[in-house]
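Asker: Handing you this structure, nothing more for now.
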Number of protein chains: 2
Amino acid sequence: MQSQSSPLGEFDLIQRFFKTQSEAMLSANPGSVSLGIGDDCALLKTEPHENMAVTSDMLVAGRHFFEDANPEWLGWKALAVNLSDLAAMGAKPLGFTLALALPNADPSWLGAFSRGLFAIANQYACPLIGGDTTAGPLNICITAFGSIPKEKAIRRSGALEDDDIWVSGTVGDARLTLAALRHELELSKSDLKVIEARMHQPTPRIELGIALREIANAALDISDGLLGDLRHILNQSNKDAEVFLDRLPKSATLLKQSVAIQNQYAACGGDDYELCFTAPASQREAITKISASLNLPLTRVGNIKPMQSSHPEISLVNQSGITLSPKESFVLLQSFDHFA
Amino acid sequence: MQSQSSPLGEFDLIQRFFKTQSEAMLSANPGSVSLGIGDDCALLKTEPHENMAVTSDMLVAGRHFFEDANPEWLGWKALAVNLSDLAAMGAKPLGFTLALALPNADPSWLGAFSRGLFAIANQYACPLIGGDTTAGPLNICITAFGSIPKEKAIRRSGALEDDDIWVSGTVGDARLTLAALRHELELSKSDLKVIEARMHQPTPRIELGIALREIANAALDISDGLLGDLRHILNQSNKDAEVFLDRLPKSATLLKQSVAIQNQYAACGGDDYELCFTAPASQREAITKISASLNLPLTRVGNIKPMQSSHPEISLVNQSGITLSPKESFVLLQSFDHFA
């Protein structure tokens, strides 16, 4: 790590650039960072009553983002998806490492990337503590660290029978943006402008995760689509679930689309980075208070059920209150294999 | 992190494969790992009197290894270079995350990669705790975690005047292997066989780093070449150094080469992952004991000097005991810009 003598002389510029911003953050608020960029390792202080949460995500051009993606958005999103994983456990951000492969060292690209990266790093007080830069096909790998009181991490495996299933914010907007950018459907410029940040600059629900530590039985962040991600909770908790399609929280922009699109995108669209969590009915009032204090909608979309067969199943209830068969669910949601 | 529903179905296989090995390690010895692969984050326990050391390295095909590199060696080396960073601080390995971009999911490649990776992971009791897999140009990003008692980390900035400069093992063998593979020089098959592991399967000096916690004033691992890396210590410690070329520890294989090659490769060849450290003369006996107990040569190659000008300098002393001018050093070592 931290090699100041990387193969490209240009990369010294990059490192100095990231290093300056990192040092500015750390000198303003060292927090848990004993030692930042510049040695063989960074050093993090830990508290005796806490565990350290660790998450790592790799973003690749052409797969996770368009080759010509706005680098400022990219810098934001690369850290946001990791912070979202911390949020899903109830962890408080401590810092992150960045490993970056770049085809070339374009100062304007790097300036914009760094601007987006440090904008979100500062917003969540999560300093860059180390990393690596190299020449190569564009690849962004961030590993983020968070702290969480021992035994308080919100696991995927904790869902209990009769828990409510909750979703934060609205779901389906990132998928709607992608559809518009791919010309799968038409969206007015003003509508696109309203929702595109949902795809490019997702908001990690850090404060919500922390508030849910004593309240939620299970949680995760919605990166692959609500139903697909809910299935991870069910798999690890050995439970079934019932989800009410007409309760899925949708933005005003998504509500302008056909009901079929609304259902598909809200139920299966990825990249929203909202939290899906389960909690007993006794916590409804507490959750409503959290929603008000964070100014963030929290919506009950279904219930956890005992597992009926050898593997967890999701029953969808349609707008008419009718529980759909797996085949009907599949047809309704299309190209969606969670019911296959 | 930990997305079980990655875009390629094949990648589920990969994850299950890595996950099985990871779980086997953790069930045998959970150590500091509270939670491994499978949730939004991994959880590490930390001890109140310890800091956590963090390091991250990204290896890219065509830059850090040949496209057709033996995947078993690659799995070993990808973790080895990170463990070497932990060793350089005196940290004890706790675990690591792996983010892997692959052009395709070739089971034989993955099997061999995983074999090499878990061979070294097991040897140093450093379990895989999480990560990410995606399709993309081959890229291996490992972030490793270690523990170190508070205030005991061996920094690059701690070198003191009159410290001895020490080097572990031998240096220049990885560069000699590279030269042979690039046909820059001829090496017999038997000679190549003896030294090629030095390039492909470097040994992180974990035990040495831990033994040096109370002994060394400064340390780092030699990834870019002894003199280039020593310069990082000098820069951060604001010191000069004197290095005796004829004391550089060389393997029997390197000693068969011309003196010019010996000097160049031992002084400037990268990728050896030996430790370079400084310690006061009063520690010579203790260091000799460590060398014996680890069965690892530790060689005094020079001395730390007060800084004479506005920036740190390295004076080379040749085989005849004559201190070379910067220009003579440059000529002797060729294509080497540390004296430029």
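Order determines the names: the first chain of the structure tokens is A, the second B, and so forth; residues in each chain are numbered 1 upward, and ligands are numbered 1 upward as they are shown.
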Could you please write out, as a ChimeraX atom specification, every residue of stretch 17-238 of chain B that DSSP assigns to strand (DSSP E)?

Answerer: /B:33-35,42-45,50-60,92-102,128-135,139-149,164-168,218-221

Asker: Tell me which protein, DNA and RNA residues are within 12 Å of A:Leu212, counting only C-alpha atoms, leaving out same-chain ones fewer than 6 positions away, and put them as a count of residues only.

Answerer: 32

Asker: List the neighbours of stretch 102-110 of chain A out to 6 Å using only C-alpha atoms; skip same-chain residues closer than 5 positions along the sequence, and give me the result as an mmCIF file with C-alpha atoms, in the first residue's frame.

Answerer:
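Here's the written file part.cif:
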data_model
loop_
_atom_site.group_PDB
_atom_site.id
_atom_site.type_symbol
_atom_site.label_atom_id
_atom_site.label_comp_id
_atom_site.auth_asym_id
_atom_site.auth_seq_id
_atom_site.Cartn_x
_atom_site.Cartn_y
_atom_site.Cartn_z
ATOM 1 C CA ALA A 135 -2.413 1.914 -14.533
ATOM 2 C CA GLY A 136 -4.998 -0.463 -15.995
ATOM 3 C CA PRO A 137 -8.571 -0.690 -17.234
ATOM 4 C CA LEU A 138 -10.750 1.630 -15.123
#

Asker: Quick one: which chain B residues come within 8 Å of chain A, and what is the nearest atom pair for each with the distance in Å to one decimal, counting only C-alpha atoms, rows ordered by chain and ascending number, as JSON lines?

Answerer:
{"residue": "B:Met1", "atom": "CA", "partner": "A:Ser56", "partner_atom": "CA", "distance": 5.4}
{"residue": "B:Gln4", "atom": "CA", "partner": "A:His232", "partner_atom": "CA", "distance": 8.0}
{"residue": "B:Ser5", "atom": "CA", "partner": "A:Asp224", "partner_atom": "CA", "distance": 7.3}
{"residue": "B:Asp39", "atom": "CA", "partner": "A:Arg156", "partner_atom": "CA", "distance": 6.2}
{"residue": "B:Asp40", "atom": "CA", "partner": "A:Asp85", "partner_atom": "CA", "distance": 5.1}
{"residue": "B:Cys41", "atom": "CA", "partner": "A:Thr55", "partner_atom": "CA", "distance": 4.8}
{"residue": "B:Ala42", "atom": "CA", "partner": "A:Val54", "partner_atom": "CA", "distance": 5.1}
{"residue": "B:Leu43", "atom": "CA", "partner": "A:Ala53", "partner_atom": "CA", "distance": 4.6}
{"residue": "B:Leu44", "atom": "CA", "partner": "A:Met52", "partner_atom": "CA", "distance": 5.0}
{"residue": "B:Lys45", "atom": "CA", "partner": "A:Asn51", "partner_atom": "CA", "distance": 5.0}
{"residue": "B:Thr46", "atom": "CA", "partner": "A:Asn51", "partner_atom": "CA", "distance": 6.4}
{"residue": "B:Glu47", "atom": "CA", "partner": "A:Pro48", "partner_atom": "CA", "distance": 6.3}
{"residue": "B:Pro48", "atom": "CA", "partner": "A:Pro48", "partner_atom": "CA", "distance": 4.6}
{"residue": "B:Glu50", "atom": "CA", "partner": "A:Lys45", "partner_atom": "CA", "distance": 7.5}
{"residue": "B:Asn51", "atom": "CA", "partner": "A:Lys45", "partner_atom": "CA", "distance": 5.0}
{"residue": "B:Met52", "atom": "CA", "partner": "A:Leu44", "partner_atom": "CA", "distance": 5.0}
{"residue": "B:Ala53", "atom": "CA", "partner": "A:Leu43", "partner_atom": "CA", "distance": 4.6}
{"residue": "B:Val54", "atom": "CA", "partner": "A:Ala42", "partner_atom": "CA", "distance": 5.1}
{"residue": "B:Thr55", "atom": "CA", "partner": "A:Cys41", "partner_atom": "CA", "distance": 4.8}
{"residue": "B:Ser56", "atom": "CA", "partner": "A:Gly131", "partner_atom": "CA", "distance": 5.2}
{"residue": "B:Asp57", "atom": "CA", "partner": "A:Met1", "partner_atom": "CA", "distance": 5.6}
{"residue": "B:Met58", "atom": "CA", "partner": "A:Ala99", "partner_atom": "CA", "distance": 6.1}
{"residue": "B:Val60", "atom": "CA", "partner": "A:Gly136", "partner_atom": "CA", "distance": 6.3}
{"residue": "B:Ala61", "atom": "CA", "partner": "A:Gly136", "partner_atom": "CA", "distance": 7.9}
{"residue": "B:Arg63", "atom": "CA", "partner": "A:Ala135", "partner_atom": "CA", "distance": 7.5}
{"residue": "B:Asn82", "atom": "CA", "partner": "A:Met1", "partner_atom": "CA", "distance": 7.4}
{"residue": "B:Asp85", "atom": "CA", "partner": "A:Asp40", "partner_atom": "CA", "distance": 5.1}
{"residue": "B:Leu86", "atom": "CA", "partner": "A:Cys41", "partner_atom": "CA", "distance": 6.6}
{"residue": "B:Ala88", "atom": "CA", "partner": "A:Asp40", "partner_atom": "CA", "distance": 6.5}
{"residue": "B:Met89", "atom": "CA", "partner": "A:Asp40", "partner_atom": "CA", "distance": 6.6}
{"residue": "B:Thr97", "atom": "CA", "partner": "A:Ser56", "partner_atom": "CA", "distance": 6.9}
{"residue": "B:Leu98", "atom": "CA", "partner": "A:Ser56", "partner_atom": "CA", "distance": 7.8}
{"residue": "B:Ala99", "atom": "CA", "partner": "A:Met58", "partner_atom": "CA", "distance": 6.1}
{"residue": "B:Leu100", "atom": "CA", "partner": "A:Met58", "partner_atom": "CA", "distance": 7.6}
{"residue": "B:Ala101", "atom": "CA", "partner": "A:Met58", "partner_atom": "CA", "distance": 7.7}
{"residue": "B:Gly130", "atom": "CA", "partner": "A:Thr55", "partner_atom": "CA", "distance": 7.1}
{"residue": "B:Gly131", "atom": "CA", "partner": "A:Ser56", "partner_atom": "CA", "distance": 5.2}
{"residue": "B:Asp132", "atom": "CA", "partner": "A:Asp57", "partner_atom": "CA", "distance": 5.7}
{"residue": "B:Thr133", "atom": "CA", "partner": "A:Met58", "partner_atom": "CA", "distance": 7.5}
{"residue": "B:Thr134", "atom": "CA", "partner": "A:Met58", "partner_atom": "CA", "distance": 7.4}
{"residue": "B:Ala135", "atom": "CA", "partner": "A:Arg63", "partner_atom": "CA", "distance": 7.5}
{"residue": "B:Gly136", "atom": "CA", "partner": "A:Val60", "partner_atom": "CA", "distance": 6.3}
{"residue": "B:Pro137", "atom": "CA", "partner": "A:Pro137", "partner_atom": "CA", "distance": 6.8}
{"residue": "B:Asn139", "atom": "CA", "partner": "A:Asn139", "partner_atom": "CA", "distance": 7.9}
{"residue": "B:Cys141", "atom": "CA", "partner": "A:Cys141", "partner_atom": "CA", "distance": 6.9}
{"residue": "B:Thr143", "atom": "CA", "partner": "A:Thr143", "partner_atom": "CA", "distance": 7.1}
{"residue": "B:Arg155", "atom": "CA", "partner": "A:Asp39", "partner_atom": "CA", "distance": 6.7}
{"residue": "B:Arg156", "atom": "CA", "partner": "A:Asp39", "partner_atom": "CA", "distance": 6.2}
{"residue": "B:Leu220", "atom": "CA", "partner": "A:Asp40", "partner_atom": "CA", "distance": 6.5}
{"residue": "B:Asp221", "atom": "CA", "partner": "A:Asp40", "partner_atom": "CA", "distance": 7.7}
{"residue": "B:Asp224", "atom": "CA", "partner": "A:Ser5", "partner_atom": "CA", "distance": 7.3}
{"residue": "B:Gly228", "atom": "CA", "partner": "A:Ser5", "partner_atom": "CA", "distance": 7.8}
{"residue": "B:His232", "atom": "CA", "partner": "A:Gln4", "partner_atom": "CA", "distance": 7.9}

Asker: Could you give me, as a ChimeraX atom specification, each residue of stretch 122-251 of chain A that DSSP assigns to helix (DSSP H, G or I) when run on this structure's backbone?

Answerer: /A:122-123,156-158,173-181,189-200,206-211,226-237,245-247

Asker: Residues near A:Arg115, anyone? I mean within 9 Å using only C-alpha atoms, not counting same-chain ones fewer than 2 positions away, as a list in words.

Answerer: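 So, after excluding close chain neighbours, the residues are Pro71, Glu72, Gly75, Trp76, Leu110, Gly111, Ala112, Phe113, Leu117, Phe118, Ala119 and Ile120 of chain A.
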
Asker: What is the distance between atom CA of A:Ser309 and atom CA of A:Asn238, in Å to one decimal?

Answerer: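 Atom CA of A:Asn238 lies 10.0 Å from atom CA of A:Ser309.
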
Asker: List as a PyMOL selection string the protein and nucleic acid residues near A:Val243, meaning an atom at most 9 Å away when only C-alpha atoms are counted, but skip any in the same chain fewer than 6 places from it.

Answerer: chain A and resi 165+227+301-304+314-318

Asker: Keeping only C-alpha atoms, write those residues as an mmCIF file, in the first residue's frame.

Answerer:
data_model
loop_
_atom_site.group_PDB
_atom_site.id
_atom_site.type_symbol
_atom_site.label_atom_id
_atom_site.label_comp_id
_atom_site.auth_asym_id
_atom_site.auth_seq_id
_atom_site.Cartn_x
_atom_site.Cartn_y
_atom_site.Cartn_z
ATOM 1 C CA ILE A 165 -41.150 -5.648 6.410
ATOM 2 C CA LEU A 227 -37.584 -8.717 -3.827
ATOM 3 C CA VAL A 301 -44.668 -3.284 2.627
ATOM 4 C CA GLY A 302 -45.307 -6.759 3.971
ATOM 5 C CA ASN A 303 -44.845 -9.382 6.665
ATOM 6 C CA ILE A 304 -42.490 -12.192 7.567
ATOM 7 C CA ILE A 314 -42.285 -14.608 -1.367
ATOM 8 C CA SER A 315 -46.033 -14.256 -1.922
ATOM 9 C CA LEU A 316 -47.063 -11.145 -3.792
ATOM 10 C CA VAL A 317 -50.425 -9.565 -3.078
ATOM 11 C CA ASN A 318 -51.755 -7.466 -5.931
#

Asker: Could you work out how far atom CA of A:Leu248 lies from atom CA of A:Glu285, giving the answer in Å with one decimal?

Answerer: 19.6 Å

Asker: When distances are computed from only C-alpha atoms, which of A:Ile215, A:Leu230, A:Ile210, A:Leu254 shows the smallest separation from A:Ala180?

Answerer: A:Leu254

Asker: Pick the closest to A:Met199 from A:Ala24, A:Arg231, A:Leu226, A:Asp271: which is it, counting only C-alpha atoms?

Answerer: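 Checking each candidate against A:Met199, we get A:Asp271 as the closest.
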